[in-house]
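For reference, the structure discussed in these notes is given below.
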Amino acid sequence: MEWIDRMNDAMAYIEAHMTEEIEYEKLGRIAGCSAYHFQRMFNYMANIPLAEYIRRRKMSLAAADILGGKEKIVDIALKYGYSSPTAFNRAFQSIHKAAPSQVRKNGLPVRSYPPISFKIVIKGVTEMEYRIEEKKEFSVVGFRWPLMKKLEENFQMVPKMWESFAADGSRERLMALMDSRPEGVLGISICMPQQEWSYMIGTASSQKPKEGMEKMQIPERTWAVFSGEGPCPGSIQELERRIFTEWLPASGYEYDRGPDVELYKKPDPAQAEFEVWVPVKRK
C-alpha cells in the first residue's frame, strides 16, 4: 500500500543519514504528513519512540565501528553526533551496558538493533465503530501550552497540563464559557508544519477568552469520529493506535492536515468518556 511505501522511504532516509542530524520535518514530507503525525505513526507501529529508535541504531553502528575499526573513540562519537565524550559514553552504556573503551579493549558483547521496515500484517478483526462528520469552522477558547518537537516528551508533558488544569480552578472557569457544540472539554494538538507546536485545553465557545486564555478557530474539516471510555491517558492512546494502524489504512480515507482533537465528555482520568476526532479526506 502507498502509505507503507512512504513510511519505508522515510526509514531508508534515516538509515542513509545516520551520521547527520535527522530532520523530523523532512521525514514527514517523505511520508506525506506532518512531523507530528509521522512520529505518532512510527510510535504506534514500531512500539518505540522515533528518537529512541534513532539512538539505538546509532549506538549499534557505533559499536560495530568500535569493534571492527581503528578510529579513535572520540572520532566515532563525533561521527554519530556526540560532541561530548561523556554524552556518548552515557548513550553507549545505556544500550550496551559497557563503556566504549571496555568494549574495544576486552571485546565485550554488544547489542544489535537492526533497521526497521514496515509491512502489512493481516490480523483478526475487532470491530471499530465510527462516524464521518462534516463540520463547519467553530471557535474554541482555552488554555494553551507550547509543545516540544519530540513526541515522547509531549506524552510526559500533556498529562501534567491536565493535572494543573483540574487542580487550580481552570476547569470551572473554562466550562462557564461553553455555549456551542461539541459539548465537553477539548484537548487539541496544533502541530502543523512551519509553525510552533502547541496544545490547548479548551471548549467550544463564541465568547471572549478570559484572562490567561486564548481563542482559536478549528477549521472546516471532514472528521472521522471514534468513541471510547476508560482510564486516561492509556485508553485514548490505545484507541488512537488502533485508528492509525488498523482503521486508517483500510478505510478509503487518508489523514488530512489539521489539528487533532480529543473531546472529553466525562473528563475523569480514572474512567473518562471521550471521542477522538481525526481530520481525514478521501483518497
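Each chain of the C-alpha cells is named A, B, ... in the order shown, its residues numbered from 1; ligands are numbered from 1 in display order.
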Determine which residues of segment 172-277 of chain A DSSP labels as alpha helix (DSSP H) from the backbone of this structure, then write them out as a PyMOL selection string. chain A and resi 172-175+234-242
Those same residues, written as a PDB file, in the first residue's frame with C-alpha atoms?
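Saved result, result.pdb, follows:
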```
ATOM      1  CA  GLU A 172     -14.615  25.607  36.243  1.00  0.00           C
ATOM      2  CA  ARG A 173     -13.604  28.935  34.666  1.00  0.00           C
ATOM      3  CA  LEU A 174     -13.449  27.328  31.225  1.00  0.00           C
ATOM      4  CA  MET A 175     -16.705  25.400  31.367  1.00  0.00           C
ATOM      5  CA  GLY A 234      -3.808   4.888  28.379  1.00  0.00           C
ATOM      6  CA  SER A 235      -7.268   4.217  26.917  1.00  0.00           C
ATOM      7  CA  ILE A 236      -7.241   7.132  24.500  1.00  0.00           C
ATOM      8  CA  GLN A 237      -3.681   6.347  23.362  1.00  0.00           C
ATOM      9  CA  GLU A 238      -4.694   2.740  22.641  1.00  0.00           C
ATOM     10  CA  LEU A 239      -7.733   3.915  20.643  1.00  0.00           C
ATOM     11  CA  GLU A 240      -5.528   6.286  18.622  1.00  0.00           C
ATOM     12  CA  ARG A 241      -3.050   3.460  17.971  1.00  0.00           C
ATOM     13  CA  ARG A 242      -5.846   1.299  16.544  1.00  0.00           C
TER      14      ARG A 242
END
```
Within 8 Å of segment 150-167 of chain A using only C-alpha atoms, minus same-chain residues under 5 positions, as a ChimeraX atom specification: /A:36,39-40,49,51,199,201,233
Just C-alpha atoms for this one: save the residues we selected as a PDB file, in the first residue's frame.
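Dumped to out-v7.pdb:
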```pdb
ATOM      1  CA  TYR A  36       3.990  15.220  14.441  1.00  0.00           C
ATOM      2  CA  GLN A  39       6.279  10.423  14.895  1.00  0.00           C
ATOM      3  CA  ARG A  40       2.883   9.249  16.093  1.00  0.00           C
ATOM      4  CA  PRO A  49       9.589   6.453  20.134  1.00  0.00           C
ATOM      5  CA  ALA A  51      14.134   9.395  18.927  1.00  0.00           C
ATOM      6  CA  TYR A 199      -1.560  22.051  22.907  1.00  0.00           C
ATOM      7  CA  ILE A 201      -7.331  22.543  26.624  1.00  0.00           C
ATOM      8  CA  PRO A 233      -4.261   8.642  29.020  1.00  0.00           C
TER       9      PRO A 233
END
```
Produce a table with one row for each residue of segment 164-231 of chain A that has an atom at most 6 Å from any atom of segment 263-274 of chain A, each row naming the nearest atom pair and its distance in Å at one decimal; use only C-alpha atoms; arrange rows by chain and rising residue number; format as CSV.
```
residue,atom,partner,partner_atom,distance
A:Gly184,CA,A:Lys265,CA,4.9
A:Val185,CA,A:Tyr264,CA,5.1
A:Leu186,CA,A:Leu263,CA,4.6
A:Ser227,CA,A:Phe274,CA,5.9
A:Gly228,CA,A:Phe274,CA,5.4
A:Glu229,CA,A:Glu273,CA,4.4
A:Gly230,CA,A:Gln271,CA,4.6
A:Pro231,CA,A:Ala270,CA,4.5
```
Determine, counting only C-alpha atoms, which protein, DNA and RNA residues have an atom within 7 Å of an atom of segment 86-98 of chain A; residues of the same chain fewer than 5 positions away are not included. Present the result as a list of chain:residue names. A:Arg56, A:Met59, A:Ala77, A:Val103, A:Val110, A:Arg111
Just the residues within 12 Å of Gly81 of chain A, please, counting only C-alpha atoms, with nothing from its chain fewer than 3 positions along; format it as number ranges by chain. A: 17-22, 54-55, 58-59, 62, 74-78, 84-85, 87-88, 91
Keeping only C-alpha atoms, take the residues you just selected and write them out as a PDB file, in the first residue's frame.
```
ATOM      1  CA  HIS A  17      21.650   9.887   7.082  1.00  0.00           C
ATOM      2  CA  MET A  18      22.503   8.189  10.356  1.00  0.00           C
ATOM      3  CA  THR A  19      25.685  10.255  10.798  1.00  0.00           C
ATOM      4  CA  GLU A  20      23.786  13.520  10.279  1.00  0.00           C
ATOM      5  CA  GLU A  21      21.151  15.467  12.174  1.00  0.00           C
ATOM      6  CA  ILE A  22      17.905  13.843  11.082  1.00  0.00           C
ATOM      7  CA  ILE A  54      17.437   6.518  16.103  1.00  0.00           C
ATOM      8  CA  ARG A  55      19.570   6.443  19.249  1.00  0.00           C
ATOM      9  CA  LYS A  58      23.369   4.969  16.085  1.00  0.00           C
ATOM     10  CA  MET A  59      24.729   3.002  19.039  1.00  0.00           C
ATOM     11  CA  ALA A  62      28.973   2.886  16.724  1.00  0.00           C
ATOM     12  CA  VAL A  74      36.242  10.369  20.236  1.00  0.00           C
ATOM     13  CA  ASP A  75      36.039  10.457  16.423  1.00  0.00           C
ATOM     14  CA  ILE A  76      33.343   7.797  16.416  1.00  0.00           C
ATOM     15  CA  ALA A  77      31.408   9.867  18.944  1.00  0.00           C
ATOM     16  CA  LEU A  78      31.618  12.913  16.663  1.00  0.00           C
ATOM     17  CA  SER A  84      30.747  15.447  24.259  1.00  0.00           C
ATOM     18  CA  PRO A  85      32.584  12.162  25.034  1.00  0.00           C
ATOM     19  CA  ALA A  87      27.309  12.130  26.492  1.00  0.00           C
ATOM     20  CA  PHE A  88      28.481   9.472  24.020  1.00  0.00           C
ATOM     21  CA  ALA A  91      24.336   6.803  25.484  1.00  0.00           C
TER      22      ALA A  91
END
```
Applying 7 Å and only C-alpha atoms, which residues near segment 275-283 of chain A remain after dropping the ones on its own chain fewer than 5 positions away? List them as a ChimeraX atom specification. /A:221-228,252-258,260-264
Could those selected residues go to a file with N, CA and C atoms, as a short mmCIF file (atom, residue, chain, number, x, y, z; two decimals), in the first residue's frame?
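Output file result10.cif is given in full below:
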```cif
data_model
loop_
_atom_site.label_atom_id
_atom_site.label_comp_id
_atom_site.auth_asym_id
_atom_site.auth_seq_id
_atom_site.Cartn_x
_atom_site.Cartn_y
_atom_site.Cartn_z
N ARG A 221 -13.60 20.94 8.36
CA ARG A 221 -12.93 19.69 8.03
C ARG A 221 -13.96 18.55 7.93
N THR A 222 -13.51 17.47 7.31
CA THR A 222 -14.19 16.18 7.42
C THR A 222 -13.48 15.41 8.53
N TRP A 223 -14.26 14.90 9.49
CA TRP A 223 -13.69 14.22 10.65
C TRP A 223 -14.17 12.77 10.71
N ALA A 224 -13.26 11.88 11.01
CA ALA A 224 -13.63 10.52 11.42
C ALA A 224 -13.66 10.54 12.94
N VAL A 225 -14.81 10.20 13.52
CA VAL A 225 -15.02 10.35 14.96
C VAL A 225 -15.19 8.97 15.59
N PHE A 226 -14.37 8.70 16.61
CA PHE A 226 -14.37 7.42 17.32
C PHE A 226 -14.66 7.66 18.80
N SER A 227 -15.49 6.82 19.39
CA SER A 227 -15.83 6.95 20.80
C SER A 227 -15.07 5.92 21.63
N GLY A 228 -14.81 6.26 22.88
CA GLY A 228 -14.14 5.33 23.78
C GLY A 228 -14.37 5.70 25.22
N GLY A 252 -10.27 3.79 3.09
CA GLY A 252 -10.58 4.59 1.92
C GLY A 252 -10.34 6.07 2.15
N TYR A 253 -9.88 6.43 3.37
CA TYR A 253 -9.53 7.80 3.70
C TYR A 253 -8.03 7.89 3.97
N GLU A 254 -7.54 9.10 3.97
CA GLU A 254 -6.18 9.35 4.42
C GLU A 254 -6.18 10.55 5.36
N TYR A 255 -5.14 10.65 6.15
CA TYR A 255 -5.03 11.71 7.14
C TYR A 255 -4.93 13.06 6.44
N ASP A 256 -5.73 14.01 6.90
CA ASP A 256 -5.72 15.36 6.35
C ASP A 256 -5.04 16.28 7.35
N ARG A 257 -4.28 17.22 6.87
CA ARG A 257 -3.57 18.11 7.78
C ARG A 257 -4.56 19.01 8.51
N GLY A 258 -4.38 19.09 9.80
CA GLY A 258 -5.25 19.89 10.63
C GLY A 258 -4.99 19.56 12.08
N ASP A 260 -5.46 17.90 15.72
CA ASP A 260 -6.00 16.64 16.23
C ASP A 260 -6.81 16.95 17.47
N VAL A 261 -8.03 16.45 17.52
CA VAL A 261 -8.97 16.85 18.56
C VAL A 261 -9.40 15.64 19.39
N GLU A 262 -9.33 15.80 20.71
CA GLU A 262 -9.91 14.84 21.64
C GLU A 262 -11.03 15.55 22.38
N LEU A 263 -12.22 14.95 22.42
CA LEU A 263 -13.36 15.52 23.11
C LEU A 263 -13.65 14.67 24.34
N TYR A 264 -13.56 15.29 25.52
CA TYR A 264 -13.82 14.58 26.77
C TYR A 264 -15.22 14.94 27.26
#
```
Residue nearest Pro249 of chain A - candidates A:Ile4, A:Leu67, A:Ala35, A:Ile14, atoms counted: only C-alpha atoms: A:Ile4
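Shortest separation to Ile66 of chain A among A:Ser83, A:Asn43, A:Ser206, A:Asn106 occurs at residue A:Asn106, atoms counted being only C-alpha atoms.
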Would you list the contacts of Val140 of chain A as number ranges by chain, taking every protein, DNA or RNA residue within 7 Å and counting only C-alpha atoms, but skipping same-chain residues closer than 5 positions in sequence? A: 202-205, 215-217
Grab the residues selected above and save them as a PDB file, in the first residue's frame with C-alpha atoms.
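So the final result, stored in result02.pdb, reads:
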```
ATOM      1  CA  GLY A 202     -10.495  24.365  25.662  1.00  0.00           C
ATOM      2  CA  THR A 203     -14.199  24.296  24.957  1.00  0.00           C
ATOM      3  CA  ALA A 204     -16.398  25.354  22.059  1.00  0.00           C
ATOM      4  CA  SER A 205     -17.435  28.954  22.713  1.00  0.00           C
ATOM      5  CA  LYS A 215      -9.134  31.844  21.256  1.00  0.00           C
ATOM      6  CA  MET A 216      -8.610  29.799  18.103  1.00  0.00           C
ATOM      7  CA  GLN A 217     -10.626  28.598  15.139  1.00  0.00           C
TER       8      GLN A 217
END
```
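From atom CA of Tyr53 of chain A back to atom CA of Ala250 of chain A, the distance works out to 26.6 Å.
The nearest approach to Lys70 of chain A among the residues A:Thr245, A:Tyr82, A:Lys105, A:Met45, with only C-alpha atoms taken into account, belongs to A:Lys105.
Take atom CA of Met148 of chain A and atom CA of Arg29 of chain A: the distance between them is 18.8 Å.
For the pair atom CA of Glu183 of chain A and atom CA of Ile218 of chain A, the interatomic distance is 14.4 Å.
Closest to Arg181 of chain A among A:Ser60, A:Gln207, A:Ser139, A:Ser117 is A:Ser139, based on only C-alpha atoms.
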